[in-house]
Structure formats: C-alpha cells, structure tokens
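Peer 1: What follows is the file run.txt, containing compact mmCIF, C-alpha atoms:
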# COMPACT_ATOMS: atom_id res chain seq x y z
CA MET G 249 8.84 -17.30 -12.42
CA ALA G 250 8.17 -13.87 -13.90
CA THR G 251 10.17 -10.81 -12.95
CA HIS G 252 8.72 -7.33 -13.32
CA HIS G 253 10.25 -3.89 -13.62
CA GLY G 254 9.05 -1.17 -11.25
CA LYS G 255 8.01 0.98 -14.21
CA GLU G 256 5.02 -1.36 -14.65
CA GLY G 257 3.53 -0.47 -11.24
CA VAL G 258 0.32 1.51 -10.88
CA VAL G 259 -1.64 2.79 -7.87
CA THR G 260 -5.24 3.98 -8.01
CA SER G 261 -7.19 5.88 -5.39
CA ALA G 262 -10.98 6.10 -5.57
CA GLY G 263 -10.82 4.51 -9.03
CA THR G 264 -8.34 6.98 -10.58
CA GLU G 265 -4.63 6.44 -11.18
CA ILE G 266 -2.42 8.53 -8.89
CA GLY G 267 -0.07 10.57 -11.06
CA LYS G 268 3.71 10.73 -10.85
CA VAL G 269 4.10 7.77 -8.45
CA THR G 270 7.79 6.91 -8.02
CA GLY G 271 7.31 3.84 -5.81
CA TYR G 272 5.20 2.24 -3.14
CA THR G 273 5.36 -0.31 -0.35
CA LEU G 274 2.54 -2.60 0.71
CA ASP G 275 3.06 -4.59 3.93
CA THR G 276 0.78 -7.34 5.22
CA THR G 277 0.97 -8.96 8.65
CA HIS G 278 -1.00 -11.36 10.83
CA ASP G 279 -0.93 -11.48 14.61
CA THR G 280 -0.21 -14.77 16.29
CA VAL G 281 -1.57 -15.92 19.63
CA GLU G 282 0.28 -18.48 21.71
CA ASP G 283 -1.79 -21.52 22.69
CA THR G 284 0.97 -23.60 24.34
CA THR G 285 -0.07 -25.71 27.32
CA LEU G 286 2.04 -26.58 30.34
CA SER G 287 2.64 -30.13 29.11
CA ASP G 288 3.86 -29.06 25.62
CA THR G 289 7.59 -29.32 24.91
CA THR G 290 7.48 -26.71 22.14
CA LYS G 291 5.43 -23.57 21.71
CA SER G 292 2.42 -23.51 19.41
CA PHE G 293 0.48 -20.61 17.97
CA LEU G 294 -2.84 -19.70 16.37
CA VAL G 295 -3.25 -17.24 13.54
CA GLY G 296 -4.82 -14.02 14.74
CA ARG G 297 -6.07 -10.95 12.93
CA GLY G 298 -4.44 -9.59 9.78
CA THR G 299 -3.78 -6.05 8.68
CA PHE G 300 -2.00 -4.12 5.98
CA THR G 301 -0.10 -0.86 5.86
CA GLY G 302 1.94 0.95 3.30
CA SER G 303 3.28 4.10 1.77
CA ILE G 304 3.18 5.76 -1.64
CA ASP G 305 6.02 7.96 -2.93
CA MET G 306 5.35 10.47 -5.68
CA LEU G 307 6.56 13.64 -7.30
CA TYR G 308 4.54 16.52 -5.86
CA ASP G 309 1.81 17.62 -8.28
CA GLU G 310 -0.86 19.95 -6.90
CA THR G 311 -2.82 19.61 -10.18
CA ASP G 312 -3.20 15.81 -9.87
CA THR G 313 -6.68 15.30 -8.37
CA PRO G 314 -5.93 11.89 -6.78
CA GLN G 315 -2.86 13.38 -5.05
CA THR G 316 -4.94 16.21 -3.59
CA THR G 317 -7.33 13.70 -1.96
CA LEU G 318 -4.52 12.00 0.01
CA LEU G 319 -5.12 13.96 3.21
CA THR G 320 -4.49 12.61 6.70
CA GLY G 321 -7.60 11.16 8.29
CA THR G 322 -9.20 10.40 4.91
CA THR G 323 -10.36 6.85 4.13
CA LEU G 324 -9.85 5.89 0.49
CA ALA G 325 -10.18 2.81 -1.69
CA PHE G 326 -6.76 1.83 -3.08
CA ILE G 327 -5.73 -0.64 -5.77
CA PHE G 328 -2.05 -1.59 -6.04
CA LEU G 329 -1.01 -3.09 -9.37
CA PRO G 330 2.65 -4.16 -9.28
CA GLU G 331 2.57 -5.69 -12.78
CA GLY G 332 0.51 -2.96 -14.45
CA ASN G 333 -3.15 -2.56 -15.30
CA THR G 334 -3.79 -5.05 -18.10
CA SER G 335 -6.00 -8.12 -18.09
CA GLY G 336 -4.59 -10.93 -15.94
CA ASP G 337 -2.22 -8.74 -13.91
CA GLU G 338 -2.29 -9.27 -10.13
CA SER G 339 -4.04 -6.64 -8.01
CA PHE G 340 -4.19 -5.83 -4.30
CA SER G 341 -7.22 -3.80 -3.27
CA GLY G 342 -8.64 -2.46 -0.04
CA SER G 343 -9.55 0.60 1.95
CA GLY G 344 -7.00 2.53 3.94
CA ILE G 345 -6.89 5.52 6.25
CA VAL G 346 -4.23 8.07 5.35
CA THR G 347 -2.17 8.32 8.54
CA GLY G 348 0.60 10.62 7.40
CA MET G 349 1.77 12.85 4.60
CA SER G 350 5.15 14.47 4.15
CA ILE G 351 6.43 16.84 1.50
CA SER G 352 10.15 17.03 0.86
CA VAL G 353 11.73 20.06 -0.80
CA PRO G 354 15.42 19.36 -1.53
CA LEU G 355 17.94 21.97 -2.60
CA ASP G 356 18.80 20.19 -5.86
CA GLY G 357 15.93 17.91 -6.80
CA PRO G 358 12.21 17.58 -7.39
CA VAL G 359 9.66 18.22 -4.67
CA THR G 360 8.22 14.90 -3.48
CA ARG G 361 5.27 13.73 -1.44
CA THR G 362 5.05 10.53 0.63
CA VAL G 363 1.76 9.27 2.02
CA SER G 364 1.41 6.48 4.59
CA PHE G 365 -1.77 4.55 5.26
CA GLN G 366 -3.29 1.96 7.59
CA GLY G 367 -5.54 -0.63 5.96
CA THR G 368 -9.04 -1.04 7.34
CA GLY G 369 -10.85 -4.27 6.56
CA ALA G 370 -9.55 -6.98 4.28
CA LEU G 371 -6.92 -6.72 1.56
CA THR G 372 -8.23 -8.51 -1.51
CA ILE G 373 -5.81 -10.21 -3.88
CA GLY G 374 -7.17 -10.66 -7.38
CA THR G 375 -6.44 -10.05 -11.03
CA VAL G 376 -7.28 -7.28 -13.46
CA SER G 377 -10.20 -8.28 -15.68
Show me this structure written as structure tokens.

Peer 2:
Amino acid sequence: MATHHGKEGVVTSAGTEIGKVTGYTLDTTHDTVEDTTLSDTTKSFLVGRGTFTGSIDMLYDETDTPQTTLLTGTTLAFIFLPEGNTSGDESFSGSGIVTGMSISVPLDGPVTRTVSFQGTGALTIGTVS
C-alpha cells in the first residue's frame, strides 16, 4: 500500500490550481434508512442519499485568482488530488457551494484563509489522465 506526503496534494477550482494551499479535508457520507420489521430480531438498514463536504486551508493571497473566487454562496467545480496531478494519480471531483470563509490574522504568523463547502451532486472518483 502506497503512502503519500501532504506536499503532493493539489486542489483546483474552476480548472485552475488554488495557490498556497496548506491542507484540505474532504468528507463523504451516506444516510441510512431503517427498514426493520416487527418480527426482525436485529435492525436492518438501506443506503440512502450521499453527500460530501469539506474545507480548504490556505495562506491568504489576494493576488491568487482562484482564491478570490471562493466567496460564500458561489458554486464552483473542485478537483481534489491527494497524490498530485500526474497521470494515474487518484482524483475526487465535483461541484460545491462555498458555505463559509474565514480569515485569520495572528499576532506572530501568516494570514490564513479557510473556506468550507457543501457538495452538490455526485462526487466522482477517478484518475488523472
């Protein structure tokens, strides 16, 4: 099994790499619906609808065009590339609505931006061609 270093990760928005990304989280979930009957001795469930959410952490850069498009309420096409962006690397792509953005200005450190999003539609798992 391969292990990858975080420095390989890439995130694109609207087809362009987001600059100065320091990390990201991509979460996927599926609802479950109970279909247990009165005569069952154990509970049983059906798979329901799926969704994905996440956040992107970055150093604040007002000159990075992809960063400036990450505004709340905006729907964007994202591609998450945890292994990098070379042929055969795994990719996770989908559209998401930016649901939050925070800027942190510490006393002794770089200014950072964190953006959270809610996926809309399917998350596609593929590979870089």

Peer 1: Looking at G:Leu286, G:Val376, G:Leu371, G:Val269, which one is nearest to Asp312 (chain G), with distances taken over all atoms listed in the file?

Peer 2: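 Under the stated criterion, the closest residue is G:Val269.
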
Peer 1: Of the candidates G:Asp305, G:Asp283, G:Glu331, G:Asp337, which shows the shortest atom-to-atom distance to Val363 (chain G), using all atoms listed in the file?

Peer 2: G:Asp305

Peer 1: Could you name the residues that touch region 308-310 of chain G at 8 Å or less, counting all atoms listed in the file, but leaving out those on the same chain fewer than 3 positions away, as a ChimeraX atom specification?

Peer 2: /G:267-268,313,315-316,351,358-361

Peer 1: Could you please determine the separation between CA of Thr301 (chain G) and CA of Gly336 (chain G) in Å, to one decimal place?

Peer 2: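 Between CA of Thr301 (chain G) and CA of Gly336 (chain G) the gap works out to 24.4 Å.
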
Peer 1: Please compute the CA of Thr299 (chain G)-CA of His278 (chain G) distance, one decimal, in Å.

Peer 2: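 Pair CA of Thr299 (chain G) / CA of His278 (chain G) returns 6.4 Å.
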
Peer 1: For a quick check of understanding, using only C-alpha atoms, which of G:Gly342, G:Pro314, G:Pro330, G:Gly302 has the smallest distance to Gln366 (chain G)?

Peer 2: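 Of all the options, G:Gly302 lies closest to Gln366 (chain G).
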
Peer 1: One number please: CA of Glu282 (chain G) to CA of Leu294 (chain G), in Å, one decimal.

Peer 2: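 CA of Leu294 (chain G) lies at a distance of 6.3 Å from CA of Glu282 (chain G).
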
Peer 1: Restricting the calculation to all atoms listed in the file: of G:Thr317, G:Thr368, G:Thr323, G:Ala250, which residue gets closest to Thr264 (chain G)?

Peer 2: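 Residue with the minimum atom-to-atom distance to Thr264 (chain G): G:Thr317.
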